[in-house]
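Chemist: File start10.cif below, mmCIF, C-alpha atoms and all ligand atoms:
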data_upload
loop_
_atom_site.label_atom_id
_atom_site.label_comp_id
_atom_site.auth_asym_id
_atom_site.auth_seq_id
_atom_site.Cartn_x
_atom_site.Cartn_y
_atom_site.Cartn_z
CA MET A 1 -14.18 -36.87 21.02
CA ILE A 2 -16.51 -36.84 23.98
CA ASN A 3 -20.22 -36.55 23.44
CA PHE A 4 -22.23 -35.58 26.54
CA LYS A 5 -25.87 -36.53 26.94
CA ILE A 6 -27.75 -35.21 29.97
CA VAL A 7 -30.97 -37.00 30.88
CA ASP A 8 -33.52 -36.52 33.67
CA SER A 9 -33.10 -39.67 35.70
CA TYR A 10 -31.14 -42.83 36.46
CA ASP A 11 -33.80 -44.85 34.59
CA GLU A 12 -33.28 -42.81 31.44
CA ILE A 13 -29.54 -43.46 31.55
CA GLY A 14 -30.24 -47.19 31.40
CA VAL A 15 -32.79 -46.85 28.59
CA LEU A 16 -30.51 -44.74 26.41
CA ALA A 17 -27.42 -46.88 27.00
CA SER A 18 -29.39 -50.06 26.31
CA LYS A 19 -30.49 -48.68 22.92
CA MET A 20 -26.86 -48.04 21.98
CA VAL A 21 -25.75 -51.49 23.15
CA ALA A 22 -28.72 -53.21 21.48
CA GLU A 23 -27.77 -51.60 18.18
CA ILE A 24 -24.21 -52.89 18.53
CA ILE A 25 -25.46 -56.41 19.32
CA SER A 26 -27.86 -56.37 16.37
CA LYS A 27 -25.46 -55.08 13.75
CA ASN A 28 -22.43 -57.30 14.51
CA SER A 29 -22.33 -61.02 13.76
CA ASN A 30 -20.05 -61.68 16.76
CA PRO A 31 -20.53 -58.75 19.12
CA VAL A 32 -17.96 -58.26 21.88
CA LEU A 33 -19.07 -56.16 24.85
CA GLY A 34 -16.81 -54.73 27.54
CA LEU A 35 -18.88 -54.69 30.74
CA ALA A 36 -18.78 -53.00 34.12
CA THR A 37 -20.19 -53.65 37.60
CA GLY A 38 -21.40 -51.34 40.37
CA SER A 39 -24.78 -49.72 40.85
CA THR A 40 -24.61 -47.60 37.70
CA PRO A 41 -24.93 -50.29 34.95
CA ILE A 42 -27.75 -52.24 36.63
CA GLY A 43 -30.38 -50.17 34.79
CA LEU A 44 -28.64 -50.84 31.47
CA TYR A 45 -28.61 -54.59 32.18
CA SER A 46 -32.26 -54.71 33.21
CA ASN A 47 -33.23 -52.94 29.96
CA LEU A 48 -31.15 -55.40 27.92
CA ILE A 49 -32.89 -58.29 29.72
CA LYS A 50 -36.24 -56.68 28.92
CA LEU A 51 -35.35 -56.45 25.22
CA TYR A 52 -34.25 -60.11 25.31
CA ASN A 53 -37.55 -61.15 26.93
CA GLU A 54 -39.44 -59.23 24.25
CA LYS A 55 -37.45 -61.25 21.68
CA LYS A 56 -35.83 -58.11 20.33
CA LEU A 57 -32.29 -59.12 21.27
CA ASP A 58 -30.28 -62.31 20.87
CA PHE A 59 -27.19 -62.92 23.03
CA SER A 60 -26.24 -66.29 21.52
CA LYS A 61 -23.30 -64.81 19.57
CA VAL A 62 -22.29 -62.25 22.20
CA SER A 63 -18.95 -62.38 24.02
CA THR A 64 -18.18 -60.22 27.04
CA VAL A 65 -15.07 -59.01 28.85
CA ASN A 66 -15.38 -57.35 32.24
CA LEU A 67 -13.28 -54.49 33.53
CA ASP A 68 -12.18 -55.83 36.86
CA GLU A 69 -12.55 -58.17 39.81
CA TYR A 70 -11.68 -58.03 43.51
CA VAL A 71 -8.56 -59.91 44.56
CA GLY A 72 -9.22 -62.79 46.96
CA LEU A 73 -12.90 -63.42 46.23
CA GLU A 74 -13.91 -66.76 44.76
CA GLU A 75 -16.43 -66.56 41.92
CA ASP A 76 -19.22 -68.02 44.07
CA ASN A 77 -18.77 -65.23 46.63
CA PRO A 78 -21.86 -62.98 46.30
CA GLN A 79 -19.58 -59.90 46.43
CA SER A 80 -17.48 -61.03 43.48
CA TYR A 81 -18.04 -59.32 40.16
CA LYS A 82 -18.41 -62.70 38.48
CA TYR A 83 -21.37 -63.37 40.78
CA PHE A 84 -22.73 -59.86 40.08
CA MET A 85 -22.61 -60.42 36.33
CA ASN A 86 -24.35 -63.80 36.60
CA GLU A 87 -27.06 -62.31 38.80
CA ASN A 88 -27.62 -59.09 36.86
CA LEU A 89 -27.23 -60.26 33.27
CA PHE A 90 -25.73 -63.58 32.24
CA SER A 91 -28.25 -65.91 33.90
CA LYS A 92 -31.16 -63.87 32.51
CA VAL A 93 -30.31 -63.96 28.78
CA ASN A 94 -29.26 -66.62 26.25
CA ILE A 95 -25.55 -65.86 26.45
CA ASP A 96 -23.13 -68.80 26.31
CA ILE A 97 -21.35 -68.53 29.67
CA LYS A 98 -18.17 -69.84 28.00
CA ASN A 99 -18.03 -66.57 26.08
CA THR A 100 -18.05 -64.40 29.21
CA PHE A 101 -14.68 -63.36 30.62
CA LEU A 102 -13.63 -61.74 33.89
CA PRO A 103 -10.25 -61.63 35.54
CA ASN A 104 -9.93 -64.32 38.21
CA GLY A 105 -9.29 -62.52 41.48
CA ALA A 106 -8.77 -65.82 43.28
CA ALA A 107 -5.91 -66.93 40.99
CA GLU A 108 -2.82 -68.19 42.83
CA ASN A 109 -0.44 -66.26 40.62
CA LEU A 110 -2.05 -62.86 40.12
CA LEU A 111 0.65 -61.47 37.83
CA GLU A 112 0.20 -64.45 35.51
CA GLU A 113 -3.56 -63.95 35.72
CA ALA A 114 -3.23 -60.30 34.69
CA LYS A 115 -1.18 -61.36 31.67
CA ARG A 116 -3.62 -64.13 30.81
CA TYR A 117 -6.51 -61.68 30.93
CA GLU A 118 -4.77 -59.09 28.79
CA ASN A 119 -4.11 -61.86 26.23
CA ILE A 120 -7.83 -62.66 26.20
CA LEU A 121 -8.60 -59.01 25.49
CA GLU A 122 -6.03 -58.99 22.69
CA SER A 123 -7.47 -62.16 21.18
CA PHE A 124 -10.59 -60.23 20.17
CA GLU A 125 -10.17 -58.38 16.90
CA ASN A 126 -12.69 -55.81 18.10
CA ILE A 127 -14.22 -54.93 21.42
CA HIS A 128 -17.26 -53.19 19.99
CA VAL A 129 -18.15 -51.21 23.07
CA GLN A 130 -16.80 -50.68 26.57
CA ILE A 131 -19.30 -49.81 29.30
CA LEU A 132 -17.93 -47.72 32.16
CA GLY A 133 -19.05 -46.20 35.42
CA ILE A 134 -16.82 -43.67 37.13
CA GLY A 135 -15.67 -43.30 40.72
CA SER A 136 -16.27 -40.00 42.47
CA ASN A 137 -12.45 -39.78 42.45
CA GLY A 138 -12.42 -40.16 38.65
CA HIS A 139 -11.38 -43.82 38.51
CA ILE A 140 -12.42 -46.06 35.61
CA GLY A 141 -12.28 -49.79 36.22
CA PHE A 142 -10.10 -49.82 39.31
CA ASN A 143 -7.57 -47.41 37.84
CA GLU A 144 -7.27 -45.11 40.83
CA PRO A 145 -5.81 -41.57 40.79
CA PHE A 146 -2.03 -41.84 41.23
CA ASN A 147 1.11 -40.33 39.73
CA GLU A 148 1.30 -43.26 37.31
CA LEU A 149 -1.43 -45.34 35.67
CA ASN A 150 -1.25 -48.87 34.27
CA LEU A 151 -1.61 -49.35 30.54
CA TYR A 152 -2.56 -53.02 30.74
CA THR A 153 -4.41 -55.35 33.12
CA SER A 154 -2.70 -55.11 36.51
CA ILE A 155 -3.05 -55.73 40.21
CA VAL A 156 -4.01 -52.48 41.90
CA ASP A 157 -4.48 -51.11 45.42
CA LEU A 158 -7.86 -49.58 46.10
CA LYS A 159 -7.97 -46.05 47.48
CA LYS A 160 -9.69 -45.36 50.77
CA GLU A 161 -12.50 -43.44 49.04
CA THR A 162 -13.21 -46.44 46.80
CA ILE A 163 -13.20 -48.85 49.75
CA ASP A 164 -15.59 -46.48 51.58
CA ALA A 165 -17.88 -46.09 48.56
CA ASN A 166 -18.01 -49.84 47.90
CA SER A 167 -18.52 -50.76 51.55
CA ARG A 168 -22.26 -50.26 50.99
CA PHE A 169 -22.27 -53.63 49.22
CA PHE A 170 -20.53 -55.39 52.15
CA GLU A 171 -21.50 -56.09 55.76
CA ASP A 172 -18.86 -53.61 56.89
CA SER A 173 -15.95 -51.77 55.32
CA SER A 174 -13.33 -54.12 56.83
CA MET A 175 -14.67 -56.80 54.46
CA VAL A 176 -14.02 -54.82 51.28
CA PRO A 177 -10.97 -56.29 49.49
CA ARG A 178 -8.00 -53.90 49.42
CA LYS A 179 -6.76 -55.06 46.03
CA ALA A 180 -8.27 -55.71 42.64
CA ILE A 181 -7.26 -56.87 39.19
CA SER A 182 -8.25 -54.31 36.60
CA MET A 183 -7.96 -53.58 32.91
CA GLY A 184 -5.48 -50.76 32.36
CA ILE A 185 -6.08 -47.50 30.54
CA LYS A 186 -4.90 -48.84 27.20
CA SER A 187 -6.96 -52.02 27.62
CA ILE A 188 -10.01 -49.79 28.03
CA LEU A 189 -9.16 -47.46 25.15
CA ARG A 190 -8.90 -50.47 22.81
CA ALA A 191 -12.71 -50.59 22.49
CA ASP A 192 -14.27 -49.14 19.32
CA LYS A 193 -16.81 -47.16 21.32
CA ILE A 194 -16.99 -46.17 24.98
CA ILE A 195 -20.16 -45.47 26.95
CA LEU A 196 -19.58 -43.97 30.41
CA MET A 197 -22.59 -43.55 32.67
CA ALA A 198 -22.87 -41.58 35.90
CA TYR A 199 -25.66 -40.47 38.20
CA GLY A 200 -25.84 -38.44 41.37
CA GLU A 201 -24.06 -35.41 42.70
CA SER A 202 -21.11 -37.41 44.07
CA LYS A 203 -19.91 -37.86 40.48
CA ALA A 204 -20.40 -34.22 39.41
CA LYS A 205 -16.82 -33.03 40.03
CA ALA A 206 -15.30 -35.95 38.13
CA ILE A 207 -17.72 -35.36 35.23
CA GLU A 208 -16.90 -31.64 35.19
CA TYR A 209 -13.21 -32.48 34.63
CA LEU A 210 -14.11 -34.59 31.58
CA ALA A 211 -15.44 -31.49 29.84
CA ASN A 212 -12.17 -29.51 29.97
CA ASP A 213 -9.27 -29.93 27.55
CA LYS A 214 -6.75 -31.45 29.94
CA ILE A 215 -5.70 -34.95 30.99
CA SER A 216 -4.34 -35.91 34.37
CA THR A 217 -3.45 -39.13 36.17
CA ASP A 218 -5.34 -37.55 39.09
CA VAL A 219 -8.52 -38.15 37.07
CA PRO A 220 -7.93 -41.46 35.28
CA ALA A 221 -11.17 -41.08 33.26
CA SER A 222 -9.66 -37.99 31.60
CA PHE A 223 -7.60 -40.35 29.39
CA LEU A 224 -10.85 -41.12 27.59
CA LYS A 225 -10.32 -37.78 25.85
CA LEU A 226 -7.71 -39.57 23.72
CA HIS A 227 -10.42 -41.83 22.27
CA LYS A 228 -12.42 -40.89 19.19
CA ASP A 229 -15.87 -42.19 20.14
CA VAL A 230 -16.85 -41.62 23.77
CA HIS A 231 -20.44 -41.13 24.95
CA ILE A 232 -21.05 -39.89 28.47
CA ILE A 233 -24.60 -40.29 29.71
CA VAL A 234 -25.36 -38.49 32.96
CA ASP A 235 -28.36 -37.41 34.98
CA LYS A 236 -28.87 -33.77 35.98
CA GLU A 237 -27.13 -34.17 39.36
CA ALA A 238 -23.98 -35.63 37.84
CA ALA A 239 -24.12 -32.88 35.18
CA LYS A 240 -24.40 -30.16 37.81
CA TYR A 241 -21.10 -28.43 36.90
CA LEU A 242 -21.32 -28.86 33.12
CA LYS A 243 -21.76 -25.55 31.32
P1 LIG B 301 -21.01 -47.22 41.09
O1 LIG B 301 -19.45 -47.44 40.86
O2 LIG B 301 -21.66 -47.52 39.77
O3 LIG B 301 -21.40 -48.22 42.13
O4 LIG B 301 -21.18 -45.78 41.50
C1 LIG B 301 -18.86 -46.89 39.74
C2 LIG B 301 -17.36 -47.03 39.83
O5 LIG B 301 -16.81 -47.03 40.95
O6 LIG B 301 -16.71 -47.10 38.77
#
Before we go any further, please render this structure as structure tokens.
Ligand code: PGA

Modeler:
Amino acid sequence: MINFKIVDSYDEIGVLASKMVAEIISKNSNPVLGLATGSTPIGLYSNLIKLYNEKKLDFSKVSTVNLDEYVGLEEDNPQSYKYFMNENLFSKVNIDIKNTFLPNGAAENLLEEAKRYENILESFENIHVQILGIGSNGHIGFNEPFNELNLYTSIVDLKKETIDANSRFFEDSSMVPRKAISMGIKSILRADKIILMAYGESKAKAIEYLANDKISTDVPASFLKLHKDVHIIVDKEAAKYLK
């Protein structure tokens, strides 16, 4: 079931999501968080860091698994998602870095790496929550609209609209990797709870589709409708077409 929550601003998305994640961290002895990158979750991470600094949150028993990584970027590349996670969360809290997992986009054998990563996901009895953003084309992770979607962690081609959208983080769009390694739809749906966040009008059409009673590989996020505990937190612009 999908539960929609419309808030006034980007900042409120981060505050609300951080409360939900903080509760999960506090009530589980070994919390496992599925994490996401991009501009959307930065507010969530800064609120979690704030709670940690106020001594209201302890990350010492937390493990994390990330959705995806660009193919071809080493982890010390500032554009890699590993680097992003260190910068925006891991280096700012008392998490044991050995308990943080991302696919390795620089692996020599990418197919083996996808399998290895899926095995890591499976090794966790529970993934207590999966954090998601959404592409304006409806992608989750790097599962792009296509006539088929991957169930498990796979190597994927990025769509032009994703390369264009993500080029804002690079010097120019020719530097955006064309491939990524991403959890599949079933890998994502394995989580006990899913929190998808979106802000801004560019996401409004994709969010509108999540409110109807259909699924389509053209909107990969629509497969979240098969999950029993999904929370979508959006600002007013992203909620523009919700009735
Ligand atoms: P964004 O990306 O948070 O930077 O908008 C979200 C996504 O592409 O999934």

Chemist: Hey, can you check how far atom CA of A:Phe142 sits from atom CA of A:Lys159?

Modeler: 9.2 Å

Chemist: List as a ChimeraX atom specification the protein and nucleic acid residues lying within 8 Å of ligand LIG 301 (chain B), with all atoms listed in the file counted.

Modeler: /A:36-41,132-136,139-142,162,165-166,198-199

Chemist: Out of A:Leu51, A:Met183, A:Ala191, A:Met175, which residue has the shortest atom-to-atom distance to A:Arg116 when counting all atoms listed in the file?

Modeler: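 Nearest to A:Arg116: A:Met183.
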
Chemist: From the list A:Phe84, A:Tyr117, A:Phe90, A:Tyr10, which residue is nearest A:Ser154 when using only C-alpha atoms?

Modeler: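 Distance minimum relative to A:Ser154 lands on A:Tyr117.
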
Chemist: Give me the residues near A:Glu237 as a list in words, where near means some atom within 9 Å (using only C-alpha atoms) and where sequence neighbours in that chain fewer than 4 positions away do not count.

Modeler: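 Surrounding residues, per the criterion: Asp8, Ser9, Tyr199, Gly200, Glu201, Ser202, Lys203, Ala204 and Tyr241 of chain A.
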
Chemist: With all atoms listed in the file as the basis for distance, which of A:Met197, A:Ile181, A:Leu35, A:Leu226 is at the shortest distance from A:Leu89?

Modeler: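 For A:Leu89, the nearest of the given residues is A:Leu35.
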
Chemist: Which neighbours of stretch 103-106 of chain A fall inside 9 Å, counting all atoms listed in the file, when residues of the same chain fewer than 6 positions from it are skipped, and could you give them as JSON, numbers by chain?

Modeler: {"A": [65, 66, 67, 68, 69, 70, 71, 72, 73, 74, 75, 80, 82, 113, 114, 116, 117, 153, 180, 181, 182, 183]}

Chemist: Work out how far atom CA of A:Val21 is from atom CA of A:Leu44, in Å to one decimal.

Modeler: 8.8 Å

Chemist: Hey, can you check how far atom CA of A:Lys5 sits from atom CA of A:Ile233?

Modeler: 4.8 Å

Chemist: Which neighbours of A:Asn212 fall inside 12 Å, counting all atoms listed in the file, when residues of the same chain fewer than 6 positions from it are skipped, and could you give them as a PyMOL selection string?

Modeler: chain A and resi 1-2+205-206+219+222-225+241-243

Chemist: Between A:Val176, A:Leu149, A:Leu111, A:Ile188, which residue has the minimum interatomic distance to A:Pro220, considering only C-alpha atoms?

Modeler: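 Of A:Val176, A:Leu149, A:Leu111, A:Ile188, the one nearest A:Pro220, counting only C-alpha atoms, is A:Leu149.
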
Chemist: Find the residues near A:Glu23: any atom within 12 Å, counting only C-alpha atoms, skip ones fewer than 4 places away on the same chain, and give them as a PyMOL selection string.

Modeler: chain A and resi 16-19+27-29+31+33+48+51+56-58+128-129

Chemist: Pick from A:Lys160, A:Lys186, A:Lys193, A:Lys214: nearest to A:Ile232, with all atoms listed in the file counted?

Modeler: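 When distances to A:Ile232 are compared using all atoms listed in the file, the smallest one comes from A:Lys193.
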
Chemist: Please determine, counting all atoms listed in the file, which residue among A:Ile131, A:Leu158, A:Val230, A:Ala22 has the shortest atom-to-atom distance to A:Ala211.

Modeler: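 Closest to A:Ala211 of all the choices is A:Val230.
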